[in-house]
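Student: So here's data.cif (mmCIF, C-alpha atoms).
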data_input
#
loop_
_atom_site.label_atom_id
_atom_site.label_comp_id
_atom_site.auth_asym_id
_atom_site.auth_seq_id
_atom_site.Cartn_x
_atom_site.Cartn_y
_atom_site.Cartn_z
CA MET A 1 205.73 39.70 102.41
CA ASN A 2 205.90 38.49 105.71
CA PHE A 3 203.61 41.31 106.41
CA LEU A 4 201.00 39.95 104.03
CA ALA A 5 201.40 36.52 105.38
CA ALA A 6 201.05 37.88 108.82
CA GLY A 7 197.93 39.71 107.55
CA ALA A 8 196.13 36.47 107.63
CA GLU A 9 196.36 36.80 111.25
CA HIS A 10 194.64 39.89 112.43
CA ASN A 11 196.79 42.57 114.07
CA PRO A 12 194.77 44.32 116.78
CA ILE A 13 196.63 47.59 116.32
CA LEU A 14 196.05 48.00 112.61
CA PRO A 15 192.38 48.08 111.53
CA LEU A 16 191.10 46.27 108.45
CA TRP A 17 190.66 48.28 105.26
CA GLN A 18 186.95 47.50 105.20
CA GLU A 19 186.54 49.00 108.66
CA ILE A 20 188.37 52.13 107.53
CA VAL A 21 186.05 52.52 104.53
CA VAL A 22 182.88 51.91 106.57
CA GLY A 23 184.15 54.25 109.33
CA GLY A 24 184.99 56.95 106.72
CA ILE A 25 181.55 56.69 105.09
CA ALA A 26 179.85 56.83 108.53
CA PHE A 27 181.99 59.84 109.46
CA ILE A 28 181.01 61.65 106.22
CA VAL A 29 177.31 60.88 106.78
CA LEU A 30 177.57 62.02 110.40
CA CYS A 31 179.29 65.29 109.39
CA PHE A 32 176.65 65.90 106.71
CA VAL A 33 173.80 65.34 109.20
CA LEU A 34 175.49 67.55 111.81
CA MET A 35 176.14 70.38 109.34
CA LYS A 36 172.74 70.14 107.66
CA PHE A 37 170.49 69.77 110.73
CA VAL A 38 172.21 70.08 114.10
CA PHE A 39 174.62 73.01 113.64
CA PRO A 40 171.97 75.37 112.16
CA ARG A 41 169.62 74.46 115.02
CA MET A 42 172.40 75.09 117.53
CA GLU A 43 173.19 78.39 115.84
CA GLN A 44 169.54 79.39 116.09
CA THR A 45 169.48 78.43 119.76
CA PHE A 46 172.67 80.40 120.44
CA GLN A 47 171.34 83.38 118.51
CA ALA A 48 168.03 83.22 120.41
CA ARG A 49 169.96 83.05 123.67
CA VAL A 50 172.14 86.02 122.62
CA ASP A 51 169.03 87.96 121.61
CA ALA A 52 167.36 87.10 124.91
CA ILE A 53 170.43 88.18 126.89
CA GLU A 54 170.87 91.38 124.88
CA GLY A 55 167.12 92.05 125.07
CA GLY A 56 167.23 91.42 128.81
CA ILE A 57 170.11 93.84 129.14
CA LYS A 58 168.27 96.41 127.05
CA ARG A 59 165.11 95.91 129.09
CA ALA A 60 167.14 96.18 132.28
CA GLU A 61 168.77 99.39 131.00
CA ALA A 62 165.34 100.76 130.03
CA ALA A 63 163.95 99.81 133.44
CA GLN A 64 166.97 101.42 135.10
CA ALA A 65 166.50 104.58 133.04
CA GLU A 66 162.79 104.64 133.93
CA ALA A 67 163.63 104.07 137.60
CA ASN A 68 166.15 106.91 137.48
CA GLN A 69 163.57 109.15 135.83
CA LEU A 70 160.97 108.25 138.48
CA LEU A 71 163.58 108.86 141.19
CA GLU A 72 164.30 112.30 139.77
CA GLN A 73 160.56 113.04 139.59
CA TYR A 74 160.19 111.88 143.19
CA ARG A 75 163.10 114.08 144.28
CA ALA A 76 161.62 117.03 142.41
CA GLN A 77 158.21 116.43 144.01
CA LEU A 78 159.87 116.04 147.39
CA ALA A 79 161.78 119.29 146.92
CA GLU A 80 158.57 121.01 145.82
CA ALA A 81 156.73 119.59 148.82
CA ARG A 82 159.50 120.82 151.11
CA THR A 83 159.33 124.24 149.49
CA ASP A 84 155.54 124.29 149.90
CA ALA A 85 155.86 123.16 153.51
CA ALA A 86 158.43 125.89 154.19
CA LYS A 87 156.13 128.45 152.56
CA ILE A 88 153.15 127.25 154.60
CA ARG A 89 155.28 127.32 157.75
CA ASP A 90 156.48 130.85 156.96
CA ASP A 91 152.92 131.97 156.21
CA ALA A 92 151.75 130.44 159.48
CA ARG A 93 154.54 132.25 161.33
CA ALA A 94 153.62 135.49 159.64
CA ASP A 95 149.94 134.95 160.47
CA ALA A 96 150.85 134.09 164.06
CA GLU A 97 152.98 137.24 164.28
CA GLY A 98 150.10 139.30 162.86
CA ILE A 99 147.69 137.79 165.37
CA ARG A 100 150.21 138.40 168.13
CA GLN A 101 150.58 142.02 167.08
CA ASP A 102 146.79 142.41 166.95
CA ILE A 103 146.40 140.91 170.40
CA LEU A 104 149.19 143.13 171.75
CA ALA A 105 147.59 146.19 170.15
CA LYS A 106 144.20 145.29 171.64
CA ALA A 107 145.84 144.65 175.01
CA ARG A 108 147.57 148.04 174.83
CA GLU A 109 144.30 149.72 173.87
CA GLU A 110 142.52 147.98 176.73
CA SER A 111 145.35 148.88 179.09
CA ASP A 112 145.28 152.50 177.94
CA ARG A 113 141.50 152.56 178.33
CA ILE A 114 141.71 151.07 181.83
CA ILE A 115 144.47 153.51 182.78
CA ALA A 116 142.49 156.44 181.36
CA ALA A 117 139.37 155.27 183.21
CA GLY A 118 141.45 154.90 186.36
CA LYS A 119 142.90 158.37 185.92
CA GLU A 120 139.44 159.79 185.36
CA GLN A 121 138.16 157.98 188.41
CA LEU A 122 141.14 159.20 190.44
CA SER A 123 140.57 162.75 189.20
CA ALA A 124 136.90 162.52 190.13
CA GLU A 125 137.72 161.06 193.55
CA ARG A 126 140.43 163.68 194.05
CA ALA A 127 137.99 166.45 193.16
CA THR A 128 135.44 164.91 195.57
CA ILE A 129 138.05 164.60 198.30
CA VAL A 130 139.25 168.18 197.69
CA ARG A 131 135.65 169.41 197.94
CA GLU A 132 135.06 167.42 201.09
CA LEU A 133 138.36 168.62 202.50
CA ARG A 134 137.55 172.20 201.58
CA THR A 135 134.23 171.88 203.31
CA GLU A 136 135.75 170.21 206.33
CA VAL A 137 138.76 172.54 206.40
CA GLY A 138 136.34 175.44 205.97
CA SER A 139 134.24 174.23 208.87
CA ILE A 140 137.30 173.74 211.02
CA ALA A 141 138.70 177.09 209.95
CA VAL A 142 135.38 178.84 210.72
CA ASP A 143 135.21 177.18 214.13
CA LEU A 144 138.82 178.10 214.80
CA ALA A 145 138.35 181.63 213.51
CA SER A 146 135.17 181.97 215.63
CA LYS A 147 137.13 181.03 218.68
CA ILE A 148 140.01 183.36 217.77
CA VAL A 149 137.84 186.31 216.74
CA GLY A 150 135.33 185.67 219.39
CA GLU A 151 132.30 186.17 217.25
CA SER A 152 130.13 183.73 215.45
CA LEU A 153 130.78 183.23 211.80
CA ALA A 154 127.64 181.23 211.34
CA ASP A 155 126.34 183.36 208.53
CA GLU A 156 126.71 181.26 205.40
CA ALA A 157 127.78 184.01 203.03
CA ARG A 158 130.36 185.35 205.38
CA ARG A 159 131.55 181.95 206.23
CA LYS A 160 131.96 180.99 202.55
CA GLY A 161 133.91 184.17 201.83
CA THR A 162 136.15 183.58 204.83
CA VAL A 163 136.78 179.96 203.88
CA ASP A 164 137.54 180.87 200.27
CA ARG A 165 139.99 183.56 201.37
CA PHE A 166 141.62 181.17 203.78
CA LEU A 167 141.99 178.42 201.17
CA SER A 168 143.24 180.88 198.56
CA GLY A 169 145.82 181.98 201.05
CA LEU A 170 146.83 178.39 201.65
CA GLU A 171 147.07 177.68 197.95
CA SER A 172 149.19 180.72 197.28
CA THR A 173 151.45 179.81 200.18
CA GLY A 174 151.76 176.22 198.93
CA ALA A 175 152.48 177.39 195.38
CA ARG A 176 155.58 179.33 196.45
#
Have the structure of the file written as structure tokens, please.

Tutor:
Amino acid sequence: MNFLAAGAEHNPILPLWQEIVVGGIAFIVLCFVLMKFVFPRMEQTFQARVDAIEGGIKRAEAAQAEANQLLEQYRAQLAEARTDAAKIRDDARADAEGIRQDILAKAREESDRIIAAGKEQLSAERATIVRELRTEVGSIAVDLASKIVGESLADEARRKGTVDRFLSGLESTGAR
């Protein structure tokens, strides 16, 4: 009873029963308001945030997949371009080799033509020189024979016959 008597004086550690009732009612009202209005709104916000994060991840994965696809297309185009460049380079080399062969063939033909023309010219000059030498050798031989024989071999027909015999003799001697 002392406790009740002491209750007239307020104990700061123990609350009054009226405060407990008012605090309990306020707590129940607060819990009702939180569960009815705040928690569903928070759940919606969390769900929206989860959807945004998951959507962002899905978008990022889709963008990554698209980037990978574009990278593969780029690599394929690059490989195709390299193949085309190699083909063009090989074609150019083949064309250059064909042109080189054509130029070499033309140069050989021109060289052969020049050599043939030179040989013909040499043959013609040789024939001219041989004729001139025959005439000169014939004249010298006739003069020499005239001096040796002591008679004039001025007659053209005789002189030609003598020169031809002399040169035939020389040729037959040289051929042995």

Student: Report as JSON the centre and the edge lengths, in Å to one decimal, of the axis-aligned box holding every listed atom of range 54-66 of chain A, padded by 3 Å on each side.

Tutor:
{"center_x": 166.8, "center_y": 98.0, "center_z": 130.0, "size_x": 14.1, "size_y": 19.3, "size_z": 16.2}

Student: Name the residues that the PyMOL selection byres ((chain A and resi 141) around 12) pulls out of this structure, and write them as a ChimeraX atom specification.

Tutor: /A:133-140,142-149,153-154,159-167,170

Student: For range 90-152 of chain A against range 64-85 of chain A, with a cut-off of 12 Å and counting only C-alpha atoms, what is the closest atom pair and its distance in Å to one decimal for every residue that makes the cut, ordered by chain and number, as a Markdown table?

Tutor:
| residue | atom | partner | partner_atom | distance |
| --- | --- | --- | --- | --- |
| A:Asp90 | CA | A:Ala85 | CA | 8.5 |
| A:Asp91 | CA | A:Ala85 | CA | 9.7 |
| A:Ala92 | CA | A:Ala85 | CA | 10.3 |

Student: Quick check, in Å to one decimal: how far apart do CA of Thr128 in chain A and CA of Ser172 in chain A lie?

Tutor: 21.0 Å

Student: Quote the spacing between CA of Phe32 in chain A and CA of Pro15 in chain A in Å to one decimal place.

Tutor: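 Between these atoms lies a distance of 24.3 Å.
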
Student: So the first atom is CA of Ile114 in chain A and the second is CA of Ala94 in chain A; what is the distance between them in Å, to one decimal place?

Tutor: 29.6 Å

Student: Kindly complete range 20-49 of chain A to N, CA and C atoms; the output should be written as an mmCIF file, in the frame of the given file.

Tutor:
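The new file result.cif reads:
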data_model
loop_
_atom_site.group_PDB
_atom_site.id
_atom_site.type_symbol
_atom_site.label_atom_id
_atom_site.label_comp_id
_atom_site.auth_asym_id
_atom_site.auth_seq_id
_atom_site.Cartn_x
_atom_site.Cartn_y
_atom_site.Cartn_z
ATOM 1 N N ILE A 20 187.987 50.749 107.809
ATOM 2 C CA ILE A 20 188.370 52.130 107.530
ATOM 3 C C ILE A 20 187.391 52.731 106.540
ATOM 4 N N VAL A 21 186.982 52.014 105.527
ATOM 5 C CA VAL A 21 186.050 52.520 104.530
ATOM 6 C C VAL A 21 184.695 52.741 105.180
ATOM 7 N N VAL A 22 184.184 51.769 105.929
ATOM 8 C CA VAL A 22 182.880 51.910 106.570
ATOM 9 C C VAL A 22 182.932 53.056 107.585
ATOM 10 N N GLY A 23 183.993 53.164 108.345
ATOM 11 C CA GLY A 23 184.150 54.250 109.330
ATOM 12 C C GLY A 23 184.197 55.608 108.645
ATOM 13 N N GLY A 24 184.899 55.695 107.472
ATOM 14 C CA GLY A 24 184.990 56.950 106.720
ATOM 15 C C GLY A 24 183.638 57.374 106.189
ATOM 16 N N ILE A 25 182.873 56.381 105.621
ATOM 17 C CA ILE A 25 181.550 56.690 105.090
ATOM 18 C C ILE A 25 180.632 57.145 106.245
ATOM 19 N N ALA A 26 180.683 56.455 107.373
ATOM 20 C CA ALA A 26 179.850 56.830 108.530
ATOM 21 C C ALA A 26 180.234 58.228 109.025
ATOM 22 N N PHE A 27 181.539 58.528 109.031
ATOM 23 C CA PHE A 27 181.990 59.840 109.460
ATOM 24 C C PHE A 27 181.471 60.927 108.532
ATOM 25 N N ILE A 28 181.495 60.674 107.203
ATOM 26 C CA ILE A 28 181.010 61.650 106.220
ATOM 27 C C ILE A 28 179.511 61.845 106.392
ATOM 28 N N VAL A 29 178.760 60.773 106.588
ATOM 29 C CA VAL A 29 177.310 60.880 106.780
ATOM 30 C C VAL A 29 177.019 61.647 108.064
ATOM 31 N N LEU A 30 177.753 61.322 109.126
ATOM 32 C CA LEU A 30 177.570 62.020 110.400
ATOM 33 C C LEU A 30 177.875 63.509 110.268
ATOM 34 N N CYS A 31 178.941 63.872 109.600
ATOM 35 C CA CYS A 31 179.290 65.290 109.390
ATOM 36 C C CYS A 31 178.217 65.978 108.561
ATOM 37 N N PHE A 32 177.700 65.310 107.537
ATOM 38 C CA PHE A 32 176.650 65.900 106.710
ATOM 39 C C PHE A 32 175.410 66.161 107.561
ATOM 40 N N VAL A 33 174.989 65.173 108.354
ATOM 41 C CA VAL A 33 173.800 65.340 109.200
ATOM 42 C C VAL A 33 174.017 66.462 110.200
ATOM 43 N N LEU A 34 175.201 66.484 110.831
ATOM 44 C CA LEU A 34 175.490 67.550 111.810
ATOM 45 C C LEU A 34 175.453 68.937 111.156
ATOM 46 N N MET A 35 176.080 69.069 109.994
ATOM 47 C CA MET A 35 176.140 70.380 109.340
ATOM 48 C C MET A 35 174.805 70.772 108.735
ATOM 49 N N LYS A 36 174.016 69.836 108.313
ATOM 50 C CA LYS A 36 172.740 70.140 107.660
ATOM 51 C C LYS A 36 171.650 70.407 108.689
ATOM 52 N N PHE A 37 171.617 69.676 109.807
ATOM 53 C CA PHE A 37 170.490 69.770 110.730
ATOM 54 C C PHE A 37 170.864 70.296 112.129
ATOM 55 N N VAL A 38 171.895 69.774 112.700
ATOM 56 C CA VAL A 38 172.210 70.080 114.100
ATOM 57 C C VAL A 38 172.874 71.451 114.239
ATOM 58 N N PHE A 39 173.914 71.734 113.481
ATOM 59 C CA PHE A 39 174.620 73.010 113.640
ATOM 60 C C PHE A 39 173.734 74.213 113.365
ATOM 61 N N PRO A 40 172.872 74.215 112.317
ATOM 62 C CA PRO A 40 171.970 75.370 112.160
ATOM 63 C C PRO A 40 171.013 75.527 113.347
ATOM 64 N N ARG A 41 170.515 74.385 113.864
ATOM 65 C CA ARG A 41 169.620 74.460 115.020
ATOM 66 C C ARG A 41 170.375 75.008 116.237
ATOM 67 N N MET A 42 171.580 74.584 116.421
ATOM 68 C CA MET A 42 172.400 75.090 117.530
ATOM 69 C C MET A 42 172.681 76.586 117.348
ATOM 70 N N GLU A 43 172.936 76.973 116.123
ATOM 71 C CA GLU A 43 173.190 78.390 115.840
ATOM 72 C C GLU A 43 171.943 79.218 116.136
ATOM 73 N N GLN A 44 170.789 78.693 115.767
ATOM 74 C CA GLN A 44 169.540 79.390 116.090
ATOM 75 C C GLN A 44 169.354 79.497 117.597
ATOM 76 N N THR A 45 169.619 78.423 118.300
ATOM 77 C CA THR A 45 169.480 78.430 119.760
ATOM 78 C C THR A 45 170.445 79.441 120.379
ATOM 79 N N PHE A 46 171.688 79.433 119.916
ATOM 80 C CA PHE A 46 172.670 80.400 120.440
ATOM 81 C C PHE A 46 172.255 81.829 120.127
ATOM 82 N N GLN A 47 171.769 82.027 118.898
ATOM 83 C CA GLN A 47 171.340 83.380 118.510
ATOM 84 C C GLN A 47 170.130 83.815 119.347
ATOM 85 N N ALA A 48 169.198 82.890 119.576
ATOM 86 C CA ALA A 48 168.030 83.220 120.410
ATOM 87 C C ALA A 48 168.488 83.546 121.834
ATOM 88 N N ARG A 49 169.441 82.788 122.337
ATOM 89 C CA ARG A 49 169.960 83.050 123.670
ATOM 90 C C ARG A 49 170.668 84.408 123.723
#
